[in-house]
Every structure is written in C-alpha cells, then in structure tokens.
file start_29.txt (compact mmCIF, C-alpha atoms)
# COMPACT_ATOMS: atom_id res chain seq x y z
CA MET A 13 90.22 49.05 -31.04
CA THR A 14 88.40 45.76 -30.52
CA GLY A 15 88.63 43.52 -33.53
CA TRP A 16 86.10 41.11 -34.92
CA LEU A 17 85.80 38.54 -37.65
CA ALA A 18 82.75 37.98 -39.83
CA ILE A 19 82.51 35.09 -42.28
CA ALA A 20 80.11 36.27 -44.95
CA GLY A 21 78.30 34.74 -47.89
CA LEU A 22 78.11 36.90 -51.01
CA GLY A 23 75.35 34.83 -52.60
CA PRO A 24 75.43 33.20 -56.04
CA GLY A 25 76.50 36.23 -58.07
CA ASP A 26 73.98 39.05 -58.46
CA ALA A 27 74.63 41.90 -56.01
CA ARG A 28 70.89 42.05 -55.28
CA LEU A 29 71.20 38.63 -53.62
CA VAL A 30 73.71 39.84 -51.03
CA THR A 31 71.80 40.07 -47.75
CA PRO A 32 71.44 43.46 -45.99
CA GLU A 33 73.26 41.99 -42.97
CA VAL A 34 76.27 41.07 -45.09
CA GLN A 35 76.30 44.43 -46.87
CA ALA A 36 76.16 46.35 -43.59
CA THR A 37 79.08 44.31 -42.24
CA LEU A 38 81.12 44.89 -45.40
CA ASP A 39 80.51 48.62 -44.97
CA HIS A 40 82.26 48.54 -41.57
CA ALA A 41 85.19 46.27 -42.48
CA THR A 42 88.82 47.33 -42.44
CA ASP A 43 90.02 44.13 -44.16
CA LEU A 44 88.58 41.72 -46.72
CA VAL A 45 90.02 38.21 -46.90
CA GLY A 46 89.13 35.50 -49.39
CA TYR A 47 89.67 33.71 -52.66
CA ALA A 48 90.78 36.49 -55.01
CA PRO A 49 87.78 36.36 -57.41
CA TYR A 50 85.37 36.59 -54.46
CA VAL A 51 87.23 39.52 -52.94
CA ALA A 52 87.00 41.18 -56.37
CA ARG A 53 83.20 40.94 -56.22
CA VAL A 54 83.15 43.46 -53.36
CA PRO A 55 83.38 47.07 -54.60
CA ALA A 56 86.57 48.82 -53.50
CA ARG A 57 86.27 51.31 -50.66
CA PRO A 58 88.93 53.70 -49.31
CA GLY A 59 90.65 52.42 -46.20
CA VAL A 60 89.83 48.76 -46.75
CA ALA A 61 92.76 46.36 -47.21
CA ARG A 62 92.09 43.48 -49.59
CA HIS A 63 93.78 40.12 -49.02
CA GLY A 64 93.05 37.88 -52.01
CA SER A 65 94.58 34.42 -52.25
CA ASP A 66 94.53 31.18 -54.20
CA ASN A 67 91.63 28.73 -53.98
CA ARG A 68 93.57 25.93 -52.27
CA VAL A 69 94.86 27.75 -49.19
CA GLU A 70 91.70 27.91 -47.12
CA VAL A 71 93.22 27.24 -43.69
CA GLU A 72 96.13 29.62 -44.33
CA ARG A 73 93.59 32.26 -45.39
CA ALA A 74 91.64 31.65 -42.19
CA ARG A 75 94.78 32.07 -40.08
CA THR A 76 95.51 35.38 -41.80
CA ALA A 77 92.01 36.62 -41.02
CA LEU A 78 92.18 35.53 -37.39
CA ALA A 79 95.58 37.16 -36.89
CA LEU A 80 94.24 40.42 -38.32
CA ALA A 81 91.19 40.31 -36.04
CA ALA A 82 93.45 39.61 -33.06
CA GLU A 83 95.34 42.83 -33.95
CA GLY A 84 92.09 44.77 -33.61
CA ARG A 85 91.06 44.83 -37.27
CA ARG A 86 87.45 44.46 -38.46
CA VAL A 87 87.78 41.53 -40.82
CA VAL A 88 85.31 40.00 -43.26
CA VAL A 89 86.15 36.64 -44.80
CA VAL A 90 84.09 36.38 -47.99
CA SER A 91 82.76 33.25 -49.66
CA SER A 92 80.40 32.84 -52.57
CA GLY A 93 76.98 31.47 -51.72
CA ASP A 94 76.72 30.60 -48.03
CA PRO A 95 79.98 30.47 -46.06
CA GLY A 96 78.89 27.34 -44.20
CA VAL A 97 78.30 25.23 -47.32
CA PHE A 98 81.60 23.86 -48.70
CA ALA A 99 83.17 27.23 -47.91
CA MET A 100 85.20 29.29 -45.46
CA ALA A 101 83.28 29.02 -42.17
CA SER A 102 84.53 25.49 -41.53
CA ALA A 103 88.10 26.47 -42.41
CA VAL A 104 88.02 29.36 -39.95
CA PHE A 105 86.85 27.17 -37.09
CA GLU A 106 89.44 24.55 -37.99
CA ALA A 107 92.09 27.26 -37.64
CA VAL A 108 90.57 28.46 -34.35
CA GLU A 109 90.68 24.94 -32.91
CA ALA A 110 94.32 24.43 -33.87
CA GLY A 111 95.51 27.97 -33.18
CA PRO A 112 96.35 30.13 -30.16
CA ALA A 113 93.85 30.00 -27.29
CA ALA A 114 93.20 33.73 -27.71
CA TRP A 115 91.58 33.13 -31.10
CA ALA A 116 88.70 31.24 -29.46
CA ALA A 117 87.86 34.41 -27.50
CA LEU A 118 87.52 36.58 -30.61
CA ASP A 119 84.18 37.98 -31.73
CA ILE A 120 83.51 35.61 -34.67
CA ARG A 121 80.21 35.65 -36.55
CA VAL A 122 78.96 33.61 -39.50
CA LEU A 123 76.65 35.58 -41.79
CA PRO A 124 74.51 33.33 -44.00
CA GLY A 125 74.09 33.84 -47.71
CA ILE A 126 72.04 32.40 -50.54
CA THR A 127 73.93 29.31 -51.57
CA ALA A 128 74.26 28.22 -55.19
CA MET A 129 72.18 25.13 -54.46
CA LEU A 130 69.16 27.21 -53.47
CA ALA A 131 69.60 29.67 -56.32
CA ALA A 132 69.86 26.78 -58.78
CA ALA A 133 66.73 25.12 -57.41
CA ALA A 134 64.77 28.37 -57.57
CA SER A 135 65.80 28.91 -61.19
CA ALA A 136 63.93 25.77 -62.22
CA GLY A 137 61.10 25.51 -59.71
CA ALA A 138 61.34 23.46 -56.51
CA PRO A 139 63.45 20.33 -57.03
CA LEU A 140 64.52 20.44 -53.37
CA GLY A 141 60.94 20.57 -52.14
CA HIS A 142 61.28 17.33 -50.19
CA ASP A 143 64.24 15.63 -48.47
CA PHE A 144 67.57 16.32 -50.15
CA CYS A 145 71.31 16.27 -49.58
CA ALA A 146 74.35 18.06 -50.98
CA ILE A 147 77.56 16.32 -52.08
CA ASN A 148 80.77 18.00 -53.17
CA LEU A 149 82.25 16.04 -56.09
CA SER A 150 85.74 17.49 -55.64
CA ASP A 151 88.19 14.87 -54.44
CA ASN A 152 90.79 17.45 -53.37
CA LEU A 153 89.93 16.98 -49.68
CA LYS A 154 88.42 13.49 -49.64
CA PRO A 155 89.03 10.28 -51.62
CA TRP A 156 86.93 9.39 -54.65
CA PRO A 157 85.71 6.05 -53.20
CA LEU A 158 84.08 8.00 -50.35
CA ILE A 159 82.28 10.20 -52.88
CA GLU A 160 80.99 7.11 -54.66
CA THR A 161 79.78 5.62 -51.38
CA ARG A 162 77.89 8.80 -50.50
CA LEU A 163 76.32 8.97 -53.96
CA ARG A 164 75.10 5.37 -53.71
CA LEU A 165 73.68 5.89 -50.23
CA ALA A 166 71.95 9.11 -51.24
CA VAL A 167 70.28 7.31 -54.14
CA GLU A 168 69.32 4.42 -51.87
CA ALA A 169 67.69 6.91 -49.47
CA ASP A 170 65.92 8.52 -52.45
CA PHE A 171 67.14 12.02 -51.76
CA ALA A 172 67.20 14.72 -54.37
CA ILE A 173 70.94 15.40 -54.63
CA ALA A 174 72.65 18.75 -55.17
CA LEU A 175 76.12 18.23 -56.63
CA TYR A 176 78.72 20.93 -56.09
CA ASN A 177 82.01 21.31 -58.00
CA PRO A 178 81.12 18.66 -60.57
CA ARG A 179 83.85 19.05 -63.15
CA SER A 180 87.12 20.96 -63.42
CA ARG A 181 89.99 21.04 -65.89
CA ALA A 182 92.18 19.27 -63.34
CA ARG A 183 89.72 16.38 -62.83
CA PRO A 184 87.48 16.08 -65.90
CA GLN A 185 86.81 12.35 -65.44
CA GLY A 186 85.17 12.44 -62.01
CA PHE A 187 81.83 13.77 -63.17
CA ALA A 188 81.67 11.20 -65.98
CA ARG A 189 82.12 8.48 -63.36
CA ALA A 190 79.45 10.08 -61.17
CA LEU A 191 76.95 10.22 -64.05
CA ALA A 192 77.61 6.58 -64.89
CA LEU A 193 77.11 5.54 -61.28
CA LEU A 194 73.90 7.57 -60.96
CA THR A 195 72.48 6.29 -64.24
CA GLU A 196 73.16 2.71 -63.19
CA ALA A 197 71.53 3.30 -59.79
CA CYS A 198 68.57 5.46 -60.88
CA GLY A 199 67.87 4.59 -64.49
CA ALA A 200 67.92 6.95 -67.44
CA ASP A 201 64.57 8.67 -66.83
CA ARG A 202 65.46 10.61 -63.65
CA ALA A 203 65.23 14.41 -64.01
CA ILE A 204 68.51 16.30 -63.72
CA LEU A 205 69.10 20.06 -63.64
CA PHE A 206 72.28 21.84 -64.75
CA ALA A 207 72.38 25.40 -63.42
CA ARG A 208 75.46 27.37 -64.43
CA ALA A 209 76.38 30.83 -63.09
CA VAL A 210 72.90 31.43 -61.71
CA SER A 211 71.92 35.11 -61.34
CA THR A 212 74.83 36.33 -63.50
CA PRO A 213 74.90 37.36 -67.18
CA ASP A 214 76.44 33.95 -67.93
CA GLU A 215 73.50 32.02 -66.47
CA ARG A 216 72.54 28.84 -68.30
CA ILE A 217 69.80 26.48 -67.11
CA GLU A 218 69.25 23.05 -68.67
CA VAL A 219 66.78 20.36 -67.61
CA VAL A 220 67.17 16.91 -69.13
CA ARG A 221 66.67 13.26 -68.29
CA LEU A 222 69.65 11.53 -66.72
CA GLY A 223 70.21 9.37 -69.78
CA ALA A 224 70.76 12.50 -71.89
CA ALA A 225 73.21 14.14 -69.47
CA THR A 226 76.84 14.43 -70.54
CA PRO A 227 79.92 15.48 -68.54
CA GLU A 228 80.46 18.49 -70.81
CA MET A 229 77.21 20.04 -69.57
CA ALA A 230 78.91 20.98 -66.27
CA ASP A 231 81.92 22.91 -65.07
CA MET A 232 83.02 24.46 -61.77
CA ARG A 233 80.42 27.23 -62.09
CA THR A 234 77.62 24.67 -62.38
CA VAL A 235 75.44 23.20 -59.66
CA VAL A 236 73.80 19.95 -60.70
CA ILE A 237 70.60 18.78 -59.03
CA LEU A 238 69.46 15.21 -59.54
CA GLY A 239 65.83 14.70 -58.67
CA SER A 240 64.51 11.94 -56.45
CA SER A 241 62.23 9.23 -57.79
CA ARG A 242 59.29 11.56 -57.02
CA THR A 243 60.62 14.66 -58.79
CA ARG A 244 58.29 15.84 -61.55
CA LEU A 245 58.58 17.91 -64.72
CA ILE A 246 55.74 20.20 -65.79
CA ALA A 247 55.89 20.88 -69.52
CA ARG A 248 55.50 24.50 -70.59
CA PRO A 249 54.65 25.55 -74.15
CA GLY A 250 57.73 27.09 -75.73
CA GLY A 251 59.73 27.10 -72.50
CA ARG A 252 61.84 25.10 -70.09
CA PRO A 253 59.81 22.77 -67.87
CA PHE A 254 59.17 23.47 -64.22
CA VAL A 255 60.96 20.98 -61.97
CA TYR A 256 59.54 20.18 -58.54
CA THR A 257 59.54 17.48 -55.89
CA PRO A 258 56.21 17.04 -54.07
CA ARG A 259 56.32 17.48 -50.31
CA SER A 260 54.25 14.36 -49.74
CA ALA A 261 56.15 11.14 -49.02

call {"tool": "encode", "arguments": {"input": "start_29.txt", "output": "structure tokens"}}
result
Amino acid sequence: MTGWLAIAGLGPGDARLVTPEVQATLDHATDLVGYAPYVARVPARPGVARHGSDNRVEVERARTALALAAEGRRVVVVSSGDPGVFAMASAVFEAVEAGPAAWAALDIRVLPGITAMLAAAASAGAPLGHDFCAINLSDNLKPWPLIETRLRLAVEADFAIALYNPRSRARPQGFARALALLTEACGADRAILFARAVSTPDERIEVVRLGAATPEMADMRTVVILGSSRTRLIARPGGRPFVYTPRSA
C-alpha cells in the first residue's frame, strides 16, 4: 500500500466550515495525528487510529506522521483553522528537511482551511479589507523583543493587524504589554476587535476602541484584530457596529 500524508485545516470550529476537500481526505485516512483537542474534533470512525499529543511537541508529532506515511499508512495531520498559519504544515516540512531522505519523496499535501483570522474578520464585517498582517503573540518559539519590533513596524506600515495567541495562563503579561505598546503607537481611538471561539457555541464578539481594551478581554481562543488608521465603524441601532477597512489607499 502506498502511503500519503495530508496536512489539513479543520477551520475555526463549526463542522460546516470544514472544506469538502478536507472532509473527503479524512474519510480515506487510516491515521489521524494532531494536538489532542483537534483530533477529538474529528468524529471517530472504525479502522482509524488516533494519535493525539500535547500542544508543545509539534516537530515530534510531525515525525510520527511522516514515519506512519512511510510505512504505507494514509495519514492526516489535523490543525485548527488553516494548517499553514501558525500551525502544523511548517512543522511537517521542518521534519522533512531534517529527516531521512525518503521522507522528501512521500506524497505530502497541504489542504487549506478557514483560519481563525478570516472567521474573526467575517464575524464583524471586513476589517482586513485592505493591507494587513498577522502576528503570533506567543513567545514560546521567538523572543518577546522580536514580537515588539514586529508590532511597531506593523503599526508604522499602517497595517490592520491580526493577533494570534494573545494571552494564556502561562504568560498573562504579554498581551498587557502589547496593548500598551499599541496604544502608545496608535492612540486610544483605533478600532479593535476581540473574536473568541468564532463559529462555536462559545462565540463572543466585542468591538471597542483601543483605549477601552483590557488584557482580560482575550484568551487563547481569541483572535484580536487591530484596525489600521483607515478602519471604520458603522453604528447599528441596537447592535454591534460593522467594522471595515476601505480598499482605497
């Protein structure tokens, strides 16, 4: 049996946002590999082995998946959102580059998904309608001074900024520092969106001005989008405002 490896994005949460391509690939898998809560999102099916692991062993997880594919298994590595955005696709190719030469000859495919950034933006309107960037605020894999540098440069370039992994129990102070930096650089009037657990029953969407934002408004299930200087709010009677960034320069 010829094995293959697919790196698949499960989308932001709702099963309806899993692409047909990803679902068809899951239907043919013999093995699922991923962070345990993401593996748990895939309904169990007879004959499919499930290999859940901790969140901080990405390269080890990738090696497991590649070894299984090399044995002839049909392996799907699952990520939330899109696997190429702060997720498992990069880890798999890192393992391929450092691993046995035979791994580079495997049938490896990356299957895109709806990332949390896009789901968050859609929940509020179109805050990413013009130039934007995405920055991961976790300092597990890069130093905090580098994060600060990237935040400052993104503000200087006047991007809308999508912020992933803003605040965890292990590093509660980082997001407070980021908010302080952004407020100093942008002023208090900039629009900021907090989108938590988008498309799930726990969804919570908040739109405020930067000066009213607090660290407690975010956790690891939250994507934060800071608007550019051109981002606009459209007031709605009795409802949350629309947020959009005009496409004109």

call {"tool": "atom_distance", "arguments": {"input": "start_29.txt", "atom1": "atom CA of Gly25 of chain A", "atom2": "atom CA of Ala128 of chain A"}}
result
8.8 Å

call {"tool": "residues_around", "arguments": {"input": "start_29.txt", "residues": "segment 194-202 of chain A", "least_positions_apart": "6", "cutoff": "10 Å", "atoms": "all atoms listed in the file", "output": "count of residues only"}}
result
20

call {"tool": "closest_residue", "arguments": {"input": "start_29.txt", "among": "A:Ala82, A:Val34, A:Ala169, A:Val45", "to": "Ala116 of chain A", "atoms": "all atoms listed in the file"}}
result
A:Ala82

call {"tool": "residues_around", "arguments": {"input": "start_29.txt", "residues": "Trp115 of chain A", "least_positions_apart": "3", "cutoff": "12 Å", "atoms": "only C-alpha atoms", "output": "number ranges by chain"}}
result
A: 15-17, 74-84, 104-112, 118-120

call {"tool": "closest_residue", "arguments": {"input": "start_29.txt", "among": "A:Thr234, A:Ser91, A:Ser135, A:Thr14", "to": "Arg53 of chain A", "atoms": "only C-alpha atoms"}}
result
A:Ser91

call {"tool": "atom_distance", "arguments": {"input": "start_29.txt", "atom1": "atom CA of Arg62 of chain A", "atom2": "atom CA of Ala48 of chain A"}}
result
8.9 Å

call {"tool": "atom_distance", "arguments": {"input": "start_29.txt", "atom1": "atom CA of Ala192 of chain A", "atom2": "atom CA of Gly251 of chain A"}}
result
28.3 Å

call {"tool": "residues_near_point", "arguments": {"input": "start_29.txt", "point": "(81.5, 37.1, -48.4)", "cutoff": "7 Å", "atoms": "only C-alpha atoms", "output": "ChimeraX atom specification"}}
result
/A:19-22,89-92

call {"tool": "residues_around", "arguments": {"input": "start_29.txt", "residues": "Val236 of chain A", "least_positions_apart": "4", "cutoff": "7 Å", "atoms": "only C-alpha atoms", "output": "list in words"}}
result
Ala174, Leu175, Tyr176, Leu205, Phe206 and Ala207 of chain A

call {"tool": "residues_around", "arguments": {"input": "start_29.txt", "residues": "Ala132 of chain A", "least_positions_apart": "6", "cutoff": "8 Å", "atoms": "all atoms listed in the file", "output": "VMD selection string"}}
result
chain A and resid 207 to 208 210 235

call {"tool": "closest_residue", "arguments": {"input": "start_29.txt", "among": "A:Ile159, A:Ala138, A:Val97, A:Ala190", "to": "Val255 of chain A", "atoms": "all atoms listed in the file"}}
result
A:Ala138

call {"tool": "build_atoms", "arguments": {"input": "start_29.txt", "residues": "segment 169-180 of chain A", "atoms": "all heavy atoms", "output": "mmCIF file, in the frame of the given file"}}
result
data_model
loop_
_atom_site.group_PDB
_atom_site.id
_atom_site.type_symbol
_atom_site.label_atom_id
_atom_site.label_comp_id
_atom_site.auth_asym_id
_atom_site.auth_seq_id
_atom_site.Cartn_x
_atom_site.Cartn_y
_atom_site.Cartn_z
ATOM 1 N N ALA A 169 68.621 6.199 -50.354
ATOM 2 C CA ALA A 169 67.690 6.910 -49.470
ATOM 3 C C ALA A 169 66.662 7.722 -50.249
ATOM 4 O O ALA A 169 65.748 8.289 -49.648
ATOM 5 C CB ALA A 169 68.474 7.821 -48.536
ATOM 6 N N ASP A 170 66.814 7.778 -51.558
ATOM 7 C CA ASP A 170 65.920 8.520 -52.450
ATOM 8 C C ASP A 170 65.866 10.009 -52.146
ATOM 9 O O ASP A 170 64.810 10.641 -52.173
ATOM 10 C CB ASP A 170 64.502 7.923 -52.433
ATOM 11 C CG ASP A 170 63.706 8.309 -53.679
ATOM 12 O OD1 ASP A 170 64.337 8.668 -54.698
ATOM 13 O OD2 ASP A 170 62.456 8.275 -53.641
ATOM 14 N N PHE A 171 67.025 10.571 -51.856
ATOM 15 C CA PHE A 171 67.140 12.020 -51.760
ATOM 16 C C PHE A 171 67.216 12.641 -53.148
ATOM 17 O O PHE A 171 67.785 12.049 -54.068
ATOM 18 C CB PHE A 171 68.425 12.417 -51.025
ATOM 19 C CG PHE A 171 68.439 12.157 -49.560
ATOM 20 C CD1 PHE A 171 69.410 11.332 -49.005
ATOM 21 C CD2 PHE A 171 67.519 12.747 -48.714
ATOM 22 C CE1 PHE A 171 69.453 11.095 -47.644
ATOM 23 C CE2 PHE A 171 67.546 12.517 -47.354
ATOM 24 C CZ PHE A 171 68.517 11.682 -46.813
ATOM 25 N N ALA A 172 66.692 13.856 -53.307
ATOM 26 C CA ALA A 172 67.200 14.720 -54.370
ATOM 27 C C ALA A 172 68.632 15.093 -53.968
ATOM 28 O O ALA A 172 68.925 15.252 -52.780
ATOM 29 C CB ALA A 172 66.345 15.969 -54.514
ATOM 30 N N ILE A 173 69.517 15.211 -54.945
ATOM 31 C CA ILE A 173 70.940 15.400 -54.630
ATOM 32 C C ILE A 173 71.466 16.638 -55.354
ATOM 33 O O ILE A 173 71.413 16.715 -56.584
ATOM 34 C CB ILE A 173 71.777 14.181 -55.058
ATOM 35 C CG1 ILE A 173 71.169 12.873 -54.533
ATOM 36 C CG2 ILE A 173 73.216 14.338 -54.578
ATOM 37 C CD1 ILE A 173 71.842 11.636 -55.115
ATOM 38 N N ALA A 174 71.962 17.593 -54.586
ATOM 39 C CA ALA A 174 72.650 18.750 -55.170
ATOM 40 C C ALA A 174 74.139 18.439 -55.223
ATOM 41 O O ALA A 174 74.746 18.066 -54.215
ATOM 42 C CB ALA A 174 72.405 19.996 -54.324
ATOM 43 N N LEU A 175 74.715 18.560 -56.405
ATOM 44 C CA LEU A 175 76.120 18.230 -56.630
ATOM 45 C C LEU A 175 76.916 19.501 -56.872
ATOM 46 O O LEU A 175 76.687 20.214 -57.856
ATOM 47 C CB LEU A 175 76.250 17.284 -57.826
ATOM 48 C CG LEU A 175 75.483 15.957 -57.714
ATOM 49 C CD1 LEU A 175 75.551 15.196 -59.038
ATOM 50 C CD2 LEU A 175 76.033 15.109 -56.576
ATOM 51 N N TYR A 176 77.842 19.776 -55.963
ATOM 52 C CA TYR A 176 78.720 20.930 -56.090
ATOM 53 C C TYR A 176 80.030 20.529 -56.759
ATOM 54 O O TYR A 176 80.463 19.376 -56.671
ATOM 55 C CB TYR A 176 79.041 21.496 -54.703
ATOM 56 C CG TYR A 176 77.997 22.431 -54.131
ATOM 57 C CD1 TYR A 176 76.772 21.968 -53.684
ATOM 58 C CD2 TYR A 176 78.253 23.802 -54.023
ATOM 59 C CE1 TYR A 176 75.823 22.822 -53.136
ATOM 60 C CE2 TYR A 176 77.321 24.671 -53.480
ATOM 61 C CZ TYR A 176 76.104 24.178 -53.035
ATOM 62 O OH TYR A 176 75.178 25.028 -52.512
ATOM 63 N N ASN A 177 80.680 21.502 -57.398
ATOM 64 C CA ASN A 177 82.010 21.310 -58.000
ATOM 65 C C ASN A 177 82.078 20.041 -58.854
ATOM 66 O O ASN A 177 82.928 19.180 -58.648
ATOM 67 C CB ASN A 177 83.084 21.270 -56.910
ATOM 68 C CG ASN A 177 83.149 22.543 -56.105
ATOM 69 O OD1 ASN A 177 83.008 23.634 -56.644
ATOM 70 N ND2 ASN A 177 83.334 22.421 -54.805
ATOM 71 N N PRO A 178 81.205 19.925 -59.847
ATOM 72 C CA PRO A 178 81.120 18.660 -60.570
ATOM 73 C C PRO A 178 82.310 18.352 -61.461
ATOM 74 O O PRO A 178 82.738 17.193 -61.541
ATOM 75 C CB PRO A 178 79.836 18.809 -61.393
ATOM 76 C CG PRO A 178 79.665 20.287 -61.558
ATOM 77 C CD PRO A 178 80.171 20.883 -60.280
ATOM 78 N N ARG A 179 82.862 19.367 -62.103
ATOM 79 C CA ARG A 179 83.850 19.050 -63.150
ATOM 80 C C ARG A 179 84.812 20.217 -63.324
ATOM 81 O O ARG A 179 84.392 21.351 -63.554
ATOM 82 C CB ARG A 179 83.123 18.766 -64.460
ATOM 83 C CG ARG A 179 83.994 18.297 -65.617
ATOM 84 C CD ARG A 179 83.107 17.830 -66.777
ATOM 85 N NE ARG A 179 83.878 17.356 -67.896
ATOM 86 C CZ ARG A 179 84.250 18.126 -68.925
ATOM 87 N NH1 ARG A 179 83.898 19.394 -68.965
ATOM 88 N NH2 ARG A 179 84.958 17.608 -69.914
ATOM 89 N N SER A 180 86.101 19.931 -63.219
ATOM 90 C CA SER A 180 87.120 20.960 -63.420
ATOM 91 C C SER A 180 88.114 20.490 -64.463
ATOM 92 O O SER A 180 88.148 19.314 -64.830
ATOM 93 C CB SER A 180 87.847 21.257 -62.099
ATOM 94 O OG SER A 180 88.674 20.171 -61.741
#
